[in-house]
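Beneath this line is the structure, given in structure tokens, with notes to follow.
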Amino acid sequence: APDGTPAEYSATNVPLQPKHHLPVSIKEINDGDFAMVMGFPGTTNHFLTSYGLEETMNITNDLRYKIRSVKINVLREEMAASQATRIKYASKYASCSNYWKYSHEQNIALKNLNTMQIKKDIEKEYAEWARNKDPKYAKALSLIEKGYKDRAVSETAKIYLAEGMLQGPELPWQAFQMGMGILQGLSSDNVDQRDAIFAEIREQMAEFYKDYNQATEQRLIASMFEYVYRNIDMNYCPAFLVAADKKFKGNFAAYAQNLLQSSVFANQATFEKFMQKPSEKVLQKDPVFLAGQEIYMAYRQAATAVSRESADGLTRGIRDFTNGILQINEGKKLMSPDANSTIRLTYGNVKAYDPKDAVAYKHYTTMKGIIEKEQPSGEFEVPARLKQLYYAKEFGQYANANGELVTCFITNNDITGGNSGSPVIDANGNLIGLAFDGNGEAMSGDIDFEENLQRCICLDTRYMLWVIDKFAGAHNLIEEMTIVR
């Protein structure tokens, strides 16, 4: 609003005038320069015990990687066969492959760092310290061990149900959520309220179908449901999978085809036809809606399988163990703090690294690497205009002293999930980059922070500005910024 307060749209509104904005630097960035990252990361587990590490590596990471591999392989084939499918599923593929890759590389890094033995050594030292302390400290590790042991089977089932059925194929979970909304609308005596509910559901489903392909979904259902059925503990297996295996004699491709042929949610046309005259009777017999409902109930069963006593004991044990570790190390060494889903600042330096014998990484990369990585008709396509500008060396004021256009740089800042897009700031308070990833060798960093390996990969502001200015021609945006040269 004209007075600077937040307001709904109005022709009289004015741009926000913040107390401060970050100047954007196009100065040279050198190895050793100060850098800090401020943002809103998720969580880390630097105080994880060996029992928790075993669950993370052998259940969470291992199963997530295996189950998502099934989805990744289906999507790769579908996207390679159709340009339209590739466009629709590009974002979904990227989202799925992100933690697919993370899980695999984190396990490799944890093994290479011998983290399991390090954790056990820490616990041995802790046990000796706790012997003469408050009894709660002596009980901590046994409570932790019992807690993880008690939930191993149900935690495994949760991963299968979540990764393979709730987040694998999209339709069953979507149909269940929308179906519950439809039932709510049908039960309402208020016509306006019912119409509003149905209008919102139509809008959400239209958005869903925009990036949906029935044939791809059918393949995902067949492949992922079969994988779950063949591997999950049968105590947590949804009954419809058992029935499907029996009825279709193990042919889950035939089951998936039949499932979609019988459902009002199969595609936008069948859904819109149903919504012209929504019926509770039809919905309560819809196989996709019922499948989503069963999956949800099975997941809830797994999530509540562990006794309250055991779950509370695990929480209490972790709290007392962490407290003890901090006491043991007080005044001796700095402990790497955990990210806890609040705003967080991590500071360090721009820094090259040598992860293994005869392998060394400089502190920055250049646009040359983009050209070298190009895979026509593959996963790394380079726009024609970008190549044209590269070969013409039209880098403007954004080139470095060697005439190169720097694209990224690395720092030894701590980075974790949720940090992507966080501003990277230099010693003078200028924006020098945007954090977006971590290096493969240090995917263990959320659990075992290894200061010699940990690197934060950052987009260089010079490349960002070059894309805005030279590639996109958005000179008006450049004019709005305070650029430090």
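Residue numbering restarts at 1 for every chain of the structure tokens, chains are lettered A, B, ... in their displayed order, and ligands are numbered from 1 as they appear.
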
Item to complete: Do a neighbour search on Leu186 (chain A) at 9 Å with only C-alpha atoms, toss out local chain neighbours closer than 3 positions, and write the hits as a list in words.
Response: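 Here the answer would be Gly181, Ile182, Leu183, Asp189, Arg194, Pro278, Ser279 and Glu280 of chain A.
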
Expected file: the selected residues, all heavy atoms, as a CSV table (one decimal), in the first residue's frame:
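Written output follows (part_20.csv):
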```
chain,number,residue,atom,x,y,z
A,181,GLY,N,-12.6,-35.3,-0.2
A,181,GLY,CA,-13.2,-34.0,-0.4
A,181,GLY,C,-14.6,-34.0,-1.0
A,181,GLY,O,-15.5,-33.3,-0.6
A,182,ILE,N,-14.7,-34.9,-2.0
A,182,ILE,CA,-16.0,-35.1,-2.7
A,182,ILE,C,-17.1,-35.6,-1.7
A,182,ILE,O,-18.2,-35.2,-1.7
A,182,ILE,CB,-15.8,-36.0,-3.9
A,182,ILE,CG1,-15.0,-35.4,-5.0
A,182,ILE,CG2,-17.2,-36.4,-4.5
A,182,ILE,CD1,-14.5,-36.3,-6.1
A,183,LEU,N,-16.7,-36.6,-0.9
A,183,LEU,CA,-17.6,-37.1,0.1
A,183,LEU,C,-18.0,-36.0,1.1
A,183,LEU,O,-19.2,-36.0,1.5
A,183,LEU,CB,-16.9,-38.3,0.8
A,183,LEU,CG,-16.7,-39.6,0.0
A,183,LEU,CD1,-15.9,-40.6,0.9
A,183,LEU,CD2,-18.0,-40.2,-0.5
A,189,ASP,N,-25.3,-30.1,3.5
A,189,ASP,CA,-26.7,-29.6,3.1
A,189,ASP,C,-26.7,-28.2,2.5
A,189,ASP,O,-27.7,-27.8,2.0
A,189,ASP,CB,-27.6,-29.7,4.4
A,189,ASP,CG,-27.8,-31.1,4.9
A,189,ASP,OD1,-27.8,-32.0,4.1
A,189,ASP,OD2,-27.9,-31.2,6.1
A,194,ARG,N,-21.2,-26.8,-0.9
A,194,ARG,CA,-20.9,-28.0,-1.7
A,194,ARG,C,-20.4,-27.6,-3.1
A,194,ARG,O,-19.4,-28.1,-3.5
A,194,ARG,CB,-22.2,-28.8,-1.9
A,194,ARG,CG,-22.0,-30.1,-2.7
A,194,ARG,CD,-23.2,-31.0,-2.6
A,194,ARG,NE,-24.4,-30.4,-3.2
A,194,ARG,CZ,-25.5,-30.1,-2.6
A,194,ARG,NH1,-25.6,-30.3,-1.3
A,194,ARG,NH2,-26.5,-29.6,-3.3
A,278,PRO,N,-21.7,-36.2,-9.4
A,278,PRO,CA,-20.9,-37.0,-8.4
A,278,PRO,C,-21.8,-37.9,-7.5
A,278,PRO,O,-22.8,-37.5,-7.1
A,278,PRO,CB,-20.2,-35.9,-7.6
A,278,PRO,CG,-20.9,-34.7,-7.8
A,278,PRO,CD,-21.5,-34.8,-9.1
A,279,SER,N,-21.3,-39.1,-7.3
A,279,SER,CA,-22.1,-40.1,-6.6
A,279,SER,C,-21.2,-40.8,-5.5
A,279,SER,O,-20.1,-41.3,-5.8
A,279,SER,CB,-22.7,-41.1,-7.5
A,279,SER,OG,-23.1,-42.3,-6.9
A,280,GLU,N,-21.7,-40.8,-4.3
A,280,GLU,CA,-21.0,-41.5,-3.2
A,280,GLU,C,-20.9,-43.0,-3.5
A,280,GLU,O,-19.9,-43.7,-3.3
A,280,GLU,CB,-21.7,-41.3,-1.9
A,280,GLU,CG,-21.0,-42.0,-0.7
A,280,GLU,CD,-21.7,-41.8,0.6
A,280,GLU,OE1,-22.7,-41.0,0.7
A,280,GLU,OE2,-21.3,-42.4,1.6
```

Worksheet item: Quick one: residues within 12 Å of region 283-287 of chain A, only C-alpha atoms counted, chain neighbours fewer than 3 positions away excluded, as a PyMOL selection string?
Response: chain A and resi 171-173+175-176+178-183+186+240-241+244+255-266+271+274-275+277-280+290-294

Can I get the selected residues back with C-alpha atoms, as a short mmCIF file (atom, residue, chain, number, x, y, z; two decimals), in the first residue's frame?
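Listing of out.cif after writing:
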```cif
data_model
loop_
_atom_site.label_atom_id
_atom_site.label_comp_id
_atom_site.auth_asym_id
_atom_site.auth_seq_id
_atom_site.Cartn_x
_atom_site.Cartn_y
_atom_site.Cartn_z
CA LEU A 171 -3.03 -41.32 -8.86
CA PRO A 172 -4.09 -43.49 -5.86
CA TRP A 173 -3.05 -40.94 -3.23
CA ALA A 175 -7.71 -39.89 -5.82
CA PHE A 176 -8.03 -40.66 -2.11
CA MET A 178 -9.87 -35.68 -3.71
CA GLY A 179 -12.38 -38.46 -3.03
CA MET A 180 -12.54 -37.56 0.65
CA GLY A 181 -13.23 -33.97 -0.35
CA ILE A 182 -16.00 -35.09 -2.71
CA LEU A 183 -17.59 -37.13 0.08
CA LEU A 186 -21.86 -34.67 -0.90
CA PHE A 240 -5.87 -55.21 -2.46
CA LEU A 241 -2.33 -56.15 -3.55
CA ALA A 244 -4.62 -58.41 -7.33
CA TYR A 255 -3.90 -55.48 -12.97
CA ALA A 256 -2.83 -51.86 -13.56
CA GLN A 257 -4.60 -51.75 -16.91
CA ASN A 258 -7.81 -53.09 -15.38
CA LEU A 259 -7.51 -50.68 -12.44
CA LEU A 260 -7.44 -47.59 -14.63
CA GLN A 261 -10.10 -48.84 -17.01
CA SER A 262 -12.45 -49.14 -14.03
CA SER A 263 -11.75 -45.78 -12.36
CA VAL A 264 -13.34 -42.37 -12.77
CA PHE A 265 -9.92 -40.88 -11.88
CA ALA A 266 -8.12 -42.52 -14.84
CA PHE A 271 -13.18 -37.43 -13.97
CA PHE A 274 -18.13 -38.12 -13.00
CA MET A 275 -18.14 -34.62 -11.52
CA LYS A 277 -23.12 -35.92 -11.31
CA PRO A 278 -20.88 -36.99 -8.40
CA SER A 279 -22.08 -40.07 -6.55
CA GLU A 280 -21.03 -41.53 -3.21
CA LEU A 290 -10.14 -47.58 -2.55
CA ALA A 291 -6.49 -48.42 -3.27
CA GLY A 292 -5.43 -44.98 -2.03
CA GLN A 293 -7.55 -45.45 1.08
CA GLU A 294 -5.99 -48.85 1.84
#
```

Discussion item. Just want the 7 Å neighbourhood of Thr346 (chain A), counted on only C-alpha atoms, with same-chain residues fewer than 6 positions away dropped. Output as a list of chain:residue names.
Written reply: A:Met36, A:Val37, A:Met38, A:Asn413, A:Asp414

Worksheet item: If you count only C-alpha atoms, which residues fall within 9 Å of Glu226 (chain A), apart from same-chain ones fewer than 6 positions away, as a list in words?
Response: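 Neighbouring residues, sequence-local ones excluded: Leu241, Asp245, Gly250, Asn251, Phe252 and Ala253 of chain A.
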
Item to complete: Can you work out the spacing between CA of Gly473 (chain A) and CA of Thr461 (chain A) in Å, to one decimal?
Response: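 Answer for the CA of Gly473 (chain A) to CA of Thr461 (chain A) separation: 16.2 Å.
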
Worksheet item: Hey, what's within 12 Å of Ala384 (chain A) if we count only C-alpha atoms and toss same-chain stuff fewer than 6 positions away? As a ChimeraX atom specification, please?
Response: /A:371,374,376,390-391,471

Please dump the current selection as a tab-separated table (two decimals), in the first residue's frame; keep N, CA and C atoms.
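Once written, out12.tsv looks like this:
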```tsv
chain	number	residue	atom	x	y	z
A	371	ILE	N	29.43	-26.28	-22.06
A	371	ILE	CA	29.57	-26.74	-23.45
A	371	ILE	C	30.10	-28.17	-23.48
A	374	GLU	N	27.39	-30.94	-22.70
A	374	GLU	CA	26.18	-31.03	-23.51
A	374	GLU	C	25.96	-32.45	-24.04
A	376	PRO	N	23.21	-33.69	-26.62
A	376	PRO	CA	22.04	-33.46	-27.46
A	376	PRO	C	21.05	-34.62	-27.34
A	390	TYR	N	28.40	-17.89	-26.17
A	390	TYR	CA	29.65	-18.44	-25.65
A	390	TYR	C	30.74	-18.38	-26.71
A	391	TYR	N	30.45	-18.85	-27.90
A	391	TYR	CA	31.48	-18.89	-28.95
A	391	TYR	C	31.86	-17.49	-29.43
A	471	PHE	N	21.82	-13.10	-21.93
A	471	PHE	CA	21.06	-14.20	-22.50
A	471	PHE	C	19.57	-13.87	-22.61
```

Worksheet item: Hey, what does DSSP flag as helix (DSSP H, G or I) within region 207-354 of chain A? Can you give it to me as a ChimeraX atom specification?
Response: /A:207-210,214-231,234-236,239-247,252-261,268-275,280-283,287-303,308-329
